[in-house]
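J.: Mind having a look at this structure? Questions to follow.
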Amino acid sequence: MSWPGDSPVTTPQARRDRSRLTILFLSREYPPETGGGGIGSYVAAIAPALAARGHDVHTLSCAPGQATRDYRDGDAWIHRRGTVNLRLSRLRPHVQATASRLEAALSCYLEARRLDVQPDLLEAPDWMAEGLLLTLVGSKPVVGHLHTPLRLTIKRSGGTYPWTIDRRLADRIERLAVRRSFHLTSPSRLLVDDLARDNWFGAHAPGIFRYGVDAERWDGISSASSTEPLVLGVGRLEARKAPDTLIEAAGTLSHVEGLDVVFVGREQARAGPFSLQWLQERARAIGAPIRFLGSVSRNELRGWYAAARVVVVPSRYDNFPFVALEAMAAGRAVVCTATTGTAELADDSEAITVVPPEDAGALASALRPFLDDAEFASRAGAQARELVLRECGLDRISAEREAFYREVVANWEHRRKGRRRPAA
């Protein structure tokens, strides 16, 4: 496969232009239309940041039923497209996970070819295997970026999602896309170690690149000293995010005067464990002062960060939750579990408090100092903002990724020249 316009660079002007990379992100998620989860939040931050550094940056979002649309987000281009339908209507209930990944991979392949874009490299997430066919064709380097593949979602679901044949095949498809990628990156060591134990990478050794957070987006939020004792959690209502642990911790803290615990995030299951009804019934049974608000807009979320005294990430597993970065950039301390990538940022300050997963007592004890003392929460929040801007400031992260992408392109070109070299 060759991309339109692929040809050797020969003119002096063309050689100067090589300092400007053309980068194509594949990402079904791109807020606000297609989700504000970790994948979408990452791409929505890094793509405009790289474009602002002078690169030609495009994001291709292929999602079922999505209308064709091309527009700019800052200096970056967003291309929204629908997906192909493999017409497996009779088999669909039995092969949903597999079919959706094959459709995602085929759609990204076809739409990437149709775009009037000649990328130096592409980046694709592990989830949904969107870059699979492009890695197999191999005419451009594909960077596989690890978020949380289906394998870990199932392993950390507490039995909510059993290993069906369909899910096993979908896992194989995602793993193939990762193994075929030219380079791999991950936002946390936690994720790399977990997947390495399952022999996911073969000879690959993923590089660790944190997510970057745009500080300016969270400027102007008042300190936690003026807040009421409100604990904020953000995430999907699913076992991996452990809203049940937060319910139990809220029940333990119910005697705290004025306590309000708010969990923002969409419902994942309509019935059974971790559905909204199931969680609400569990909260009522123990008298936990917790509210589940469903999804909110990004502007509304800013208001909830401003109202929170402390932000909690009680997850059973979370590779590098964006909510923690945003909370810290907004000047709020974070209480998280040891099985989140956020714990890797913890230092000697009070910005991040780390507790064991599924330990409601430890979670309640860690939250208590913030609820009892708004000034303490304010000091910890200031430390949190300083920490996240030092370690995950968008300028720093985008510069690191730019240098990495240049290395990828150079290595790719070197390998291709090596393949063309005649045998001695």
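In the structure tokens, chains take the letters A, B, ... in the order shown, each chain's residues start at 1, and ligands count up from 1 in the order shown.
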So which residues touch A:Ile154 within 10 Å, counting only C-alpha atoms, skipping near sequence neighbours fewer than 3 positions away, as a PyMOL selection string?
T.: chain A and resi 149-151+157-163+167+171+239-240
J.: Please provide the set of residues having any atom within 12 Å of A:Glu216, restricted to only C-alpha atoms, with same-chain residues fewer than 5 positions apart removed, written as a PyMOL selection string.
T.: chain A and resi 45+221+326+329-330+385+389+393-395
J.: Looking at only C-alpha atoms, which of A:Thr164, A:Ser41, A:Thr34, A:Thr22 is the one that sits closest to A:Pro321?
T.: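 Between A:Thr164, A:Ser41, A:Thr34, A:Thr22, the residue approaching A:Pro321 most closely is A:Ser41.
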J.: Using only C-alpha atoms, pick whichever of A:Ala124, A:Ala104, A:Ile46, A:Leu367 has the shortest atom-to-atom distance to A:Leu26.
T.: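 Closest residue, counting only C-alpha atoms: A:Ala124.
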J.: Given the choices A:Ala362, A:Ala51, A:Ala177, A:Val264, which gets closest to A:Gly303 if the distance is worked out from only C-alpha atoms?
T.: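 Among the listed residues, A:Val264 lies closest to A:Gly303.
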J.: As a ChimeraX atom specification, which residues of stretch 90-326 of chain A does DSSP assign to strand (DSSP E or B)?
T.: /A:121-125,142-145,183-186,207-208,213,230-234,237,260-264,267,290-294,310-313,318
J.: Kindly export the residues of the current selection with N, CA, C and O atoms, as a compact mmCIF listing (two decimals), in the first residue's frame.
T.:
# COMPACT_ATOMS: atom_id res chain seq x y z
N LEU A 121 3.43 9.37 10.24
CA LEU A 121 3.15 8.25 11.12
C LEU A 121 1.71 8.33 11.59
O LEU A 121 1.06 9.38 11.50
N LEU A 122 1.22 7.20 12.10
CA LEU A 122 -0.12 7.13 12.66
C LEU A 122 -0.02 6.66 14.10
O LEU A 122 0.94 5.99 14.48
N GLU A 123 -1.02 7.02 14.90
CA GLU A 123 -1.10 6.49 16.27
C GLU A 123 -2.49 5.93 16.49
O GLU A 123 -3.49 6.57 16.12
N ALA A 124 -2.57 4.74 17.07
CA ALA A 124 -3.85 4.07 17.27
C ALA A 124 -3.90 3.48 18.67
O ALA A 124 -2.89 2.99 19.18
N PRO A 125 -5.08 3.47 19.30
CA PRO A 125 -5.20 2.88 20.63
C PRO A 125 -5.27 1.36 20.56
O PRO A 125 -5.60 0.78 19.51
N VAL A 142 3.06 2.74 12.53
CA VAL A 142 1.93 2.91 13.44
C VAL A 142 2.44 2.79 14.86
O VAL A 142 3.08 1.79 15.22
N VAL A 143 2.16 3.80 15.66
CA VAL A 143 2.47 3.76 17.09
C VAL A 143 1.23 3.25 17.81
O VAL A 143 0.15 3.84 17.70
N GLY A 144 1.36 2.13 18.50
CA GLY A 144 0.26 1.63 19.30
C GLY A 144 0.30 2.24 20.68
O GLY A 144 1.31 2.11 21.39
N HIS A 145 -0.76 2.95 21.05
CA HIS A 145 -0.79 3.60 22.37
C HIS A 145 -1.70 2.80 23.29
O HIS A 145 -2.88 2.60 23.00
N HIS A 183 5.98 0.86 17.06
CA HIS A 183 6.41 1.22 18.42
C HIS A 183 5.18 1.20 19.32
O HIS A 183 4.05 1.32 18.86
N LEU A 184 5.43 1.08 20.62
CA LEU A 184 4.35 1.10 21.61
C LEU A 184 4.65 2.12 22.70
O LEU A 184 5.81 2.31 23.09
N THR A 185 3.59 2.76 23.19
CA THR A 185 3.72 3.66 24.32
C THR A 185 2.61 3.37 25.32
O THR A 185 1.56 2.82 24.98
N SER A 186 2.85 3.76 26.56
CA SER A 186 1.87 3.57 27.63
C SER A 186 1.97 4.75 28.60
O SER A 186 3.07 5.26 28.82
N GLY A 207 7.40 2.34 25.59
CA GLY A 207 7.93 3.50 26.30
C GLY A 207 6.83 4.12 27.16
O GLY A 207 5.65 4.03 26.84
N ILE A 208 7.23 4.72 28.27
CA ILE A 208 6.27 5.34 29.19
C ILE A 208 6.18 6.83 28.87
O ILE A 208 7.17 7.57 28.97
N VAL A 213 -1.83 17.45 30.53
CA VAL A 213 -3.03 18.19 30.91
C VAL A 213 -2.81 19.67 30.64
O VAL A 213 -1.74 20.22 30.91
N LEU A 230 -17.44 18.25 50.11
CA LEU A 230 -17.96 17.49 48.97
C LEU A 230 -16.85 16.64 48.38
O LEU A 230 -15.77 17.15 48.05
N VAL A 231 -17.12 15.35 48.26
CA VAL A 231 -16.19 14.40 47.62
C VAL A 231 -16.70 14.12 46.22
O VAL A 231 -17.87 13.78 46.03
N LEU A 232 -15.82 14.25 45.23
CA LEU A 232 -16.22 14.06 43.83
C LEU A 232 -15.51 12.85 43.24
O LEU A 232 -14.28 12.71 43.34
N GLY A 233 -16.29 11.97 42.62
CA GLY A 233 -15.75 10.87 41.83
C GLY A 233 -16.25 11.01 40.40
O GLY A 233 -17.38 11.45 40.17
N VAL A 234 -15.42 10.66 39.43
CA VAL A 234 -15.79 10.78 38.02
C VAL A 234 -15.39 9.50 37.29
O VAL A 234 -14.26 9.03 37.42
N LEU A 237 -20.01 4.01 35.41
CA LEU A 237 -20.54 3.14 36.46
C LEU A 237 -20.27 1.69 36.06
O LEU A 237 -21.06 1.05 35.36
N ASP A 260 -21.30 15.53 51.35
CA ASP A 260 -21.97 15.26 50.09
C ASP A 260 -20.97 14.52 49.21
O ASP A 260 -19.84 14.97 49.01
N VAL A 261 -21.37 13.34 48.73
CA VAL A 261 -20.52 12.56 47.84
C VAL A 261 -21.23 12.49 46.49
O VAL A 261 -22.38 12.06 46.41
N VAL A 262 -20.54 12.90 45.44
CA VAL A 262 -21.13 12.97 44.10
C VAL A 262 -20.28 12.14 43.15
O VAL A 262 -19.05 12.26 43.12
N PHE A 263 -20.95 11.28 42.39
CA PHE A 263 -20.27 10.48 41.37
C PHE A 263 -20.85 10.86 40.01
O PHE A 263 -22.04 10.71 39.77
N VAL A 264 -19.98 11.36 39.13
CA VAL A 264 -20.38 11.80 37.80
C VAL A 264 -19.90 10.79 36.77
O VAL A 264 -18.72 10.44 36.75
N GLU A 267 -23.98 5.55 32.93
CA GLU A 267 -24.30 4.19 33.31
C GLU A 267 -23.81 3.23 32.23
O GLU A 267 -24.00 3.45 31.04
N ILE A 290 -24.68 9.66 48.98
CA ILE A 290 -24.02 9.72 47.69
C ILE A 290 -25.06 9.93 46.60
O ILE A 290 -26.17 9.40 46.67
N ARG A 291 -24.69 10.72 45.60
CA ARG A 291 -25.56 11.00 44.46
C ARG A 291 -24.85 10.58 43.17
O ARG A 291 -23.66 10.81 43.01
N PHE A 292 -25.62 9.97 42.27
CA PHE A 292 -25.09 9.59 40.95
C PHE A 292 -25.77 10.48 39.91
O PHE A 292 -26.98 10.43 39.73
N LEU A 293 -24.96 11.29 39.22
CA LEU A 293 -25.51 12.33 38.35
C LEU A 293 -25.55 11.95 36.87
O LEU A 293 -26.11 12.69 36.07
N GLY A 294 -24.95 10.85 36.47
CA GLY A 294 -24.88 10.55 35.05
C GLY A 294 -23.85 11.43 34.36
O GLY A 294 -23.04 12.10 35.00
N VAL A 310 -12.22 17.53 47.65
CA VAL A 310 -11.23 16.50 47.32
C VAL A 310 -11.84 15.61 46.24
O VAL A 310 -13.06 15.44 46.18
N VAL A 311 -10.99 15.07 45.39
CA VAL A 311 -11.44 14.18 44.31
C VAL A 311 -10.93 12.78 44.58
O VAL A 311 -9.77 12.59 45.00
N VAL A 312 -11.79 11.79 44.36
CA VAL A 312 -11.45 10.41 44.68
C VAL A 312 -11.44 9.55 43.42
O VAL A 312 -12.28 9.72 42.53
N VAL A 313 -10.44 8.67 43.34
CA VAL A 313 -10.35 7.68 42.26
C VAL A 313 -10.27 6.31 42.94
O VAL A 313 -9.18 5.80 43.21
N ASP A 318 -7.05 1.26 37.04
CA ASP A 318 -7.16 2.41 36.13
C ASP A 318 -5.75 2.76 35.67
O ASP A 318 -4.90 3.12 36.49
J.: Using atom CA of A:Gln383 and atom CA of A:Ala351 as the two end points, give the distance in Å to one decimal.
T.: 5.3 Å
J.: Name all residues at most 10 Å from A:Val95 (count only C-alpha atoms; drop same-chain ones fewer than 2 positions away) and give them as a list in words.
T.: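 With the cut-off at 10 Å, the set is Leu88, Ser89, Arg90, Leu91, Arg92, Pro93, Ala97, Thr98, Ala99, Ser100, Thr164, Ile165, Asp166, Arg167, Leu169 and Ala170 of chain A.
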J.: Could those selected residues go to a file with all heavy atoms, as a short mmCIF file (atom, residue, chain, number, x, y, z; two decimals), in the first residue's frame?
T.:
data_model
loop_
_atom_site.label_atom_id
_atom_site.label_comp_id
_atom_site.auth_asym_id
_atom_site.auth_seq_id
_atom_site.Cartn_x
_atom_site.Cartn_y
_atom_site.Cartn_z
N LEU A 88 -23.77 -8.80 10.02
CA LEU A 88 -23.80 -10.07 10.74
C LEU A 88 -25.00 -10.11 11.68
O LEU A 88 -24.89 -10.52 12.83
CB LEU A 88 -22.50 -10.24 11.54
CG LEU A 88 -21.21 -10.24 10.73
CD1 LEU A 88 -20.00 -10.19 11.64
CD2 LEU A 88 -21.15 -11.46 9.82
N SER A 89 -26.16 -9.66 11.18
CA SER A 89 -27.31 -9.45 12.05
C SER A 89 -27.70 -10.69 12.83
O SER A 89 -28.00 -10.62 14.02
CB SER A 89 -28.51 -8.96 11.22
OG SER A 89 -28.78 -9.84 10.15
N ARG A 90 -27.70 -11.85 12.20
CA ARG A 90 -28.11 -13.07 12.91
C ARG A 90 -27.06 -13.50 13.93
O ARG A 90 -27.39 -14.02 14.99
CB ARG A 90 -28.35 -14.20 11.91
CG ARG A 90 -29.60 -14.00 11.05
CD ARG A 90 -29.87 -15.23 10.19
NE ARG A 90 -31.09 -15.07 9.41
CZ ARG A 90 -31.56 -15.99 8.58
NH1 ARG A 90 -30.90 -17.15 8.43
NH2 ARG A 90 -32.67 -15.78 7.90
N LEU A 91 -25.80 -13.30 13.58
CA LEU A 91 -24.72 -13.71 14.48
C LEU A 91 -24.36 -12.64 15.49
O LEU A 91 -23.66 -12.92 16.45
CB LEU A 91 -23.47 -14.07 13.66
CG LEU A 91 -23.59 -15.27 12.72
CD1 LEU A 91 -22.31 -15.39 11.89
CD2 LEU A 91 -23.83 -16.54 13.51
N ARG A 92 -24.85 -11.43 15.27
CA ARG A 92 -24.38 -10.27 16.03
C ARG A 92 -24.40 -10.48 17.55
O ARG A 92 -23.42 -10.16 18.23
CB ARG A 92 -25.22 -9.04 15.67
CG ARG A 92 -24.59 -7.72 16.09
CD ARG A 92 -23.60 -7.29 15.05
NE ARG A 92 -22.73 -6.25 15.51
CZ ARG A 92 -21.96 -5.52 14.70
NH1 ARG A 92 -21.99 -5.73 13.41
NH2 ARG A 92 -21.17 -4.61 15.18
N PRO A 93 -25.48 -10.99 18.13
CA PRO A 93 -25.48 -11.14 19.59
C PRO A 93 -24.36 -12.03 20.10
O PRO A 93 -23.95 -11.90 21.26
CB PRO A 93 -26.86 -11.76 19.86
CG PRO A 93 -27.69 -11.38 18.69
CD PRO A 93 -26.76 -11.40 17.53
N ALA A 97 -18.41 -8.31 20.21
CA ALA A 97 -17.08 -7.74 20.48
C ALA A 97 -16.15 -7.92 19.29
O ALA A 97 -15.43 -6.99 18.90
CB ALA A 97 -16.49 -8.38 21.73
N THR A 98 -16.18 -9.09 18.69
CA THR A 98 -15.31 -9.37 17.54
C THR A 98 -15.72 -8.53 16.33
O THR A 98 -14.87 -7.89 15.69
CB THR A 98 -15.37 -10.86 17.18
OG1 THR A 98 -14.95 -11.63 18.30
CG2 THR A 98 -14.49 -11.17 15.98
N ALA A 99 -17.01 -8.52 16.03
CA ALA A 99 -17.49 -7.79 14.86
C ALA A 99 -17.20 -6.29 14.97
O ALA A 99 -16.80 -5.65 13.99
CB ALA A 99 -18.99 -8.01 14.68
N SER A 100 -17.40 -5.72 16.15
CA SER A 100 -17.18 -4.28 16.31
C SER A 100 -15.72 -3.92 16.09
O SER A 100 -15.41 -2.85 15.54
CB SER A 100 -17.64 -3.82 17.69
OG SER A 100 -16.92 -4.47 18.72
N THR A 164 -16.06 -15.03 27.28
CA THR A 164 -16.76 -15.78 26.24
C THR A 164 -15.82 -16.01 25.06
O THR A 164 -14.75 -15.39 24.96
CB THR A 164 -17.99 -15.01 25.76
OG1 THR A 164 -17.55 -13.77 25.18
CG2 THR A 164 -18.94 -14.72 26.92
N ILE A 165 -16.21 -16.89 24.16
CA ILE A 165 -15.41 -17.12 22.94
C ILE A 165 -15.29 -15.82 22.15
O ILE A 165 -14.23 -15.50 21.60
CB ILE A 165 -16.05 -18.23 22.09
CG1 ILE A 165 -15.97 -19.57 22.83
CG2 ILE A 165 -15.36 -18.33 20.73
CD1 ILE A 165 -16.66 -20.71 22.10
N ASP A 166 -16.38 -15.08 22.07
CA ASP A 166 -16.38 -13.81 21.35
C ASP A 166 -15.34 -12.86 21.94
O ASP A 166 -14.54 -12.26 21.21
CB ASP A 166 -17.79 -13.20 21.44
CG ASP A 166 -17.87 -11.82 20.81
OD1 ASP A 166 -17.15 -11.58 19.81
OD2 ASP A 166 -18.66 -11.00 21.30
N ARG A 167 -15.32 -12.72 23.26
CA ARG A 167 -14.37 -11.80 23.89
C ARG A 167 -12.93 -12.29 23.78
O ARG A 167 -12.00 -11.49 23.67
CB ARG A 167 -14.77 -11.57 25.34
CG ARG A 167 -16.04 -10.72 25.46
CD ARG A 167 -16.50 -10.58 26.89
NE ARG A 167 -17.72 -9.75 26.94
CZ ARG A 167 -18.70 -9.94 27.79
NH1 ARG A 167 -18.65 -10.93 28.68
NH2 ARG A 167 -19.76 -9.14 27.78
N LEU A 169 -11.74 -13.93 21.22
CA LEU A 169 -11.32 -13.61 19.86
C LEU A 169 -11.06 -12.11 19.71
O LEU A 169 -10.09 -11.69 19.06
CB LEU A 169 -12.39 -14.06 18.86
CG LEU A 169 -12.07 -13.86 17.38
CD1 LEU A 169 -10.74 -14.50 17.01
CD2 LEU A 169 -13.19 -14.42 16.52
N ALA A 170 -11.91 -11.28 20.32
CA ALA A 170 -11.69 -9.83 20.28
C ALA A 170 -10.37 -9.46 20.94
O ALA A 170 -9.65 -8.57 20.47
CB ALA A 170 -12.86 -9.13 20.98
#
J.: Pick out each residue of stretch 81-288 of chain A that DSSP on the backbone tags as alpha helix (DSSP H); I need them as a PyMOL selection string.
T.: chain A and resi 92-114+132-137+150-155+165-180+189-197+243-252+276-286
J.: Pick out the residues sitting within 7 Å of A:Trp77, and hand them over as a short mmCIF file (atom, residue, chain, number, x, y, z; two decimals) with N, CA, C and O atoms, in the first residue's frame; count only C-alpha atoms, and ignore anything fewer than 4 positions along from it in its own chain.
T.:
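So selection.cif came out as:
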data_model
loop_
_atom_site.label_atom_id
_atom_site.label_comp_id
_atom_site.auth_asym_id
_atom_site.auth_seq_id
_atom_site.Cartn_x
_atom_site.Cartn_y
_atom_site.Cartn_z
N VAL A 57 -1.60 18.01 12.15
CA VAL A 57 -2.16 16.96 13.00
C VAL A 57 -3.62 16.73 12.64
O VAL A 57 -4.41 17.67 12.52
N HIS A 58 -3.97 15.46 12.48
CA HIS A 58 -5.32 15.06 12.11
C HIS A 58 -5.78 13.94 13.05
O HIS A 58 -4.98 13.08 13.43
N THR A 59 -7.06 13.95 13.38
CA THR A 59 -7.67 12.85 14.13
C THR A 59 -8.83 12.29 13.33
O THR A 59 -9.72 13.04 12.93
N TYR A 71 -13.55 19.48 10.60
CA TYR A 71 -13.46 20.80 11.23
C TYR A 71 -12.16 20.88 12.03
O TYR A 71 -11.45 19.89 12.21
N ARG A 72 -11.87 22.07 12.53
CA ARG A 72 -10.65 22.29 13.30
C ARG A 72 -10.96 22.38 14.80
O ARG A 72 -11.97 22.95 15.20
N ASP A 73 -10.07 21.80 15.59
CA ASP A 73 -10.05 22.02 17.03
C ASP A 73 -8.72 22.67 17.33
O ASP A 73 -7.68 22.01 17.33
#
J.: Extract, using only C-alpha atoms, all DNA, RNA and protein residues at most 6 Å from A:Gly251, discarding same-chain residues fewer than 3 positions from it, and format them as a PyMOL selection string.
T.: chain A and resi 248+254+287-288
J.: Restricting the output to all heavy atoms, write the selected residues as a PDB file, in the first residue's frame.
T.:
ATOM      1  N   GLU A 248     -19.528   2.424  50.137  1.00  0.00           N
ATOM      2  CA  GLU A 248     -19.231   1.942  51.483  1.00  0.00           C
ATOM      3  C   GLU A 248     -18.438   2.968  52.281  1.00  0.00           C
ATOM      4  O   GLU A 248     -18.683   3.158  53.480  1.00  0.00           O
ATOM      5  CB  GLU A 248     -18.461   0.623  51.394  1.00  0.00           C
ATOM      6  CG  GLU A 248     -19.284  -0.523  50.814  1.00  0.00           C
ATOM      7  CD  GLU A 248     -18.483  -1.804  50.702  1.00  0.00           C
ATOM      8  OE1 GLU A 248     -17.516  -1.971  51.474  1.00  0.00           O
ATOM      9  OE2 GLU A 248     -18.819  -2.632  49.831  1.00  0.00           O
ATOM     10  N   SER A 254     -20.787   8.946  56.940  1.00  0.00           N
ATOM     11  CA  SER A 254     -22.106   9.594  56.916  1.00  0.00           C
ATOM     12  C   SER A 254     -22.341  10.535  58.096  1.00  0.00           C
ATOM     13  O   SER A 254     -23.193  11.422  58.025  1.00  0.00           O
ATOM     14  CB  SER A 254     -23.217   8.537  56.871  1.00  0.00           C
ATOM     15  OG  SER A 254     -23.141   7.685  58.002  1.00  0.00           O
ATOM     16  N   GLY A 287     -27.383   3.787  54.107  1.00  0.00           N
ATOM     17  CA  GLY A 287     -27.515   5.205  54.428  1.00  0.00           C
ATOM     18  C   GLY A 287     -26.342   6.052  53.972  1.00  0.00           C
ATOM     19  O   GLY A 287     -25.954   7.009  54.658  1.00  0.00           O
ATOM     20  N   ALA A 288     -25.774   5.717  52.816  1.00  0.00           N
ATOM     21  CA  ALA A 288     -24.627   6.464  52.302  1.00  0.00           C
ATOM     22  C   ALA A 288     -25.087   7.731  51.596  1.00  0.00           C
ATOM     23  O   ALA A 288     -25.929   7.670  50.695  1.00  0.00           O
ATOM     24  CB  ALA A 288     -23.838   5.595  51.330  1.00  0.00           C
TER      25      ALA A 288
END
J.: In Å, how far is it from atom CA of A:Gln96 to atom CA of A:His147?
T.: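 These atoms are spaced 20.9 Å apart.
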J.: Could you work out how far atom CA of A:Gly54 lies from atom CA of A:Ala403, giving the answer in Å with one decimal?
T.: 13.3 Å
J.: Need the shell around A:Thr353: protein/DNA/RNA residues with any atom at most 12 Å away, counting only C-alpha atoms. Skip same-chain ones fewer than 6 positions apart. Format as a ChimeraX atom specification?
T.: /A:310-314,324,332-338,340,342-347,362-370,377,380-381,384
J.: If you keep N, CA, C and O atoms, can you produce a file of those selected residues as a compact mmCIF listing (two decimals), in the first residue's frame?
T.:
# COMPACT_ATOMS: atom_id res chain seq x y z
N VAL A 310 -12.22 17.53 47.65
CA VAL A 310 -11.23 16.50 47.32
C VAL A 310 -11.84 15.61 46.24
O VAL A 310 -13.06 15.44 46.18
N VAL A 311 -10.99 15.07 45.39
CA VAL A 311 -11.44 14.18 44.31
C VAL A 311 -10.93 12.78 44.58
O VAL A 311 -9.77 12.59 45.00
N VAL A 312 -11.79 11.79 44.36
CA VAL A 312 -11.45 10.41 44.68
C VAL A 312 -11.44 9.55 43.42
O VAL A 312 -12.28 9.72 42.53
N VAL A 313 -10.44 8.67 43.34
CA VAL A 313 -10.35 7.68 42.26
C VAL A 313 -10.27 6.31 42.94
O VAL A 313 -9.18 5.80 43.21
N PRO A 314 -11.43 5.69 43.23
CA PRO A 314 -11.44 4.45 44.01
C PRO A 314 -11.26 3.18 43.19
O PRO A 314 -11.49 2.08 43.68
N ALA A 324 -7.93 12.35 37.42
CA ALA A 324 -6.98 12.75 38.45
C ALA A 324 -6.13 13.93 37.98
O ALA A 324 -5.88 14.87 38.74
N ARG A 332 -7.11 20.52 43.15
CA ARG A 332 -7.75 19.61 44.09
C ARG A 332 -6.86 18.41 44.34
O ARG A 332 -6.34 17.79 43.40
N ALA A 333 -6.69 18.08 45.61
CA ALA A 333 -5.95 16.88 45.98
C ALA A 333 -6.73 15.65 45.55
O ALA A 333 -7.95 15.69 45.38
N VAL A 334 -6.02 14.54 45.38
CA VAL A 334 -6.62 13.29 44.90
C VAL A 334 -6.33 12.17 45.89
O VAL A 334 -5.20 12.02 46.37
N VAL A 335 -7.35 11.39 46.18
CA VAL A 335 -7.19 10.13 46.91
C VAL A 335 -7.44 9.02 45.91
O VAL A 335 -8.51 8.96 45.29
N CYS A 336 -6.46 8.15 45.70
CA CYS A 336 -6.56 7.10 44.68
C CYS A 336 -6.09 5.76 45.25
O CYS A 336 -5.49 5.70 46.33
N THR A 337 -6.36 4.71 44.53
CA THR A 337 -5.90 3.38 44.94
C THR A 337 -4.53 3.09 44.35
O THR A 337 -4.09 3.73 43.39
N ALA A 338 -3.87 2.09 44.93
CA ALA A 338 -2.53 1.71 44.47
C ALA A 338 -2.56 1.06 43.10
O ALA A 338 -1.51 0.94 42.45
N THR A 340 -3.86 2.22 40.40
CA THR A 340 -4.06 3.24 39.37
C THR A 340 -2.71 3.84 39.02
O THR A 340 -1.81 3.92 39.86
N THR A 342 -2.12 6.82 38.63
CA THR A 342 -1.96 8.05 39.39
C THR A 342 -1.01 7.86 40.56
O THR A 342 -0.25 8.77 40.91
N ALA A 343 -1.04 6.67 41.16
CA ALA A 343 -0.18 6.39 42.30
C ALA A 343 1.30 6.55 41.95
O ALA A 343 2.13 6.83 42.84
N GLU A 344 1.64 6.39 40.67
CA GLU A 344 3.04 6.52 40.25
C GLU A 344 3.53 7.97 40.32
O GLU A 344 4.74 8.21 40.30
N LEU A 345 2.60 8.91 40.40
CA LEU A 345 2.97 10.33 40.50
C LEU A 345 3.15 10.78 41.94
O LEU A 345 3.67 11.87 42.19
N ALA A 346 2.70 9.98 42.90
CA ALA A 346 2.72 10.40 44.31
C ALA A 346 4.14 10.71 44.77
O ALA A 346 5.08 9.97 44.47
N ASP A 347 4.28 11.82 45.49
CA ASP A 347 5.58 12.21 46.04
C ASP A 347 5.43 12.38 47.55
O ASP A 347 4.53 11.80 48.16
N ALA A 362 -10.05 2.15 54.55
CA ALA A 362 -8.86 2.95 54.27
C ALA A 362 -9.21 4.17 53.42
O ALA A 362 -8.66 5.27 53.63
N LEU A 363 -10.14 4.01 52.50
CA LEU A 363 -10.56 5.13 51.66
C LEU A 363 -11.23 6.20 52.51
O LEU A 363 -10.94 7.40 52.37
N ALA A 364 -12.11 5.79 53.42
CA ALA A 364 -12.79 6.76 54.30
C ALA A 364 -11.78 7.49 55.18
O ALA A 364 -11.87 8.71 55.37
N SER A 365 -10.82 6.75 55.72
CA SER A 365 -9.81 7.37 56.59
C SER A 365 -8.96 8.38 55.82
O SER A 365 -8.59 9.43 56.37
N ALA A 366 -8.65 8.08 54.56
CA ALA A 366 -7.84 9.00 53.75
C ALA A 366 -8.62 10.26 53.40
O ALA A 366 -8.04 11.34 53.26
N LEU A 367 -9.94 10.14 53.21
CA LEU A 367 -10.76 11.30 52.85
C LEU A 367 -11.02 12.20 54.06
O LEU A 367 -11.22 13.42 53.90
N ARG A 368 -11.03 11.64 55.24
CA ARG A 368 -11.46 12.37 56.43
C ARG A 368 -10.69 13.67 56.68
O ARG A 368 -11.32 14.71 56.97
N PRO A 369 -9.35 13.71 56.59
CA PRO A 369 -8.64 14.98 56.85
C PRO A 369 -9.08 16.12 55.94
O PRO A 369 -9.12 17.28 56.36
N PHE A 370 -9.41 15.81 54.71
CA PHE A 370 -9.84 16.85 53.77
C PHE A 370 -11.23 17.36 54.13
O PHE A 370 -11.52 18.56 54.00
N ALA A 377 -7.14 20.99 52.88
CA ALA A 377 -7.49 20.61 51.51
C ALA A 377 -6.96 21.63 50.51
O ALA A 377 -6.52 21.27 49.41
N ALA A 380 -3.15 21.15 50.16
CA ALA A 380 -2.89 19.93 49.39
C ALA A 380 -3.24 20.14 47.93
O ALA A 380 -2.56 19.63 47.03
N GLY A 381 -4.32 20.89 47.66
CA GLY A 381 -4.72 21.17 46.30
C GLY A 381 -3.69 22.00 45.55
O GLY A 381 -3.43 21.76 44.36
N ALA A 384 -1.00 19.76 44.62
CA ALA A 384 -1.42 18.90 43.52
C ALA A 384 -1.25 19.61 42.17
O ALA A 384 -0.77 19.00 41.20
J.: If we count only C-alpha atoms, what is near A:Arg236 at a cut-off of 10 Å, once residues fewer than 5 positions away on the same chain are taken out, given as a list in words?
T.: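 The filter keeps Gly37, Lys241, Ala242, Pro243, Phe263, Val264, Gly265, Arg266, Glu267, Gln268, Ala269, Phe274, Gly294 and Ser295 of chain A.
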J.: Find the residue from A:Trp304, A:Phe322, A:Phe209, A:Phe201 that sits nearest to A:Ser222; use only C-alpha atoms when measuring.
T.: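 The closest residue to A:Ser222 is A:Trp304.
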J.: Considering only C-alpha atoms, state which residue in the set A:Val409, A:Leu195, A:Pro32, A:Arg282 is at the smallest distance from A:Ser297.
T.: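 Checking each of A:Val409, A:Leu195, A:Pro32, A:Arg282 against A:Ser297, counting only C-alpha atoms, the winner is A:Pro32.
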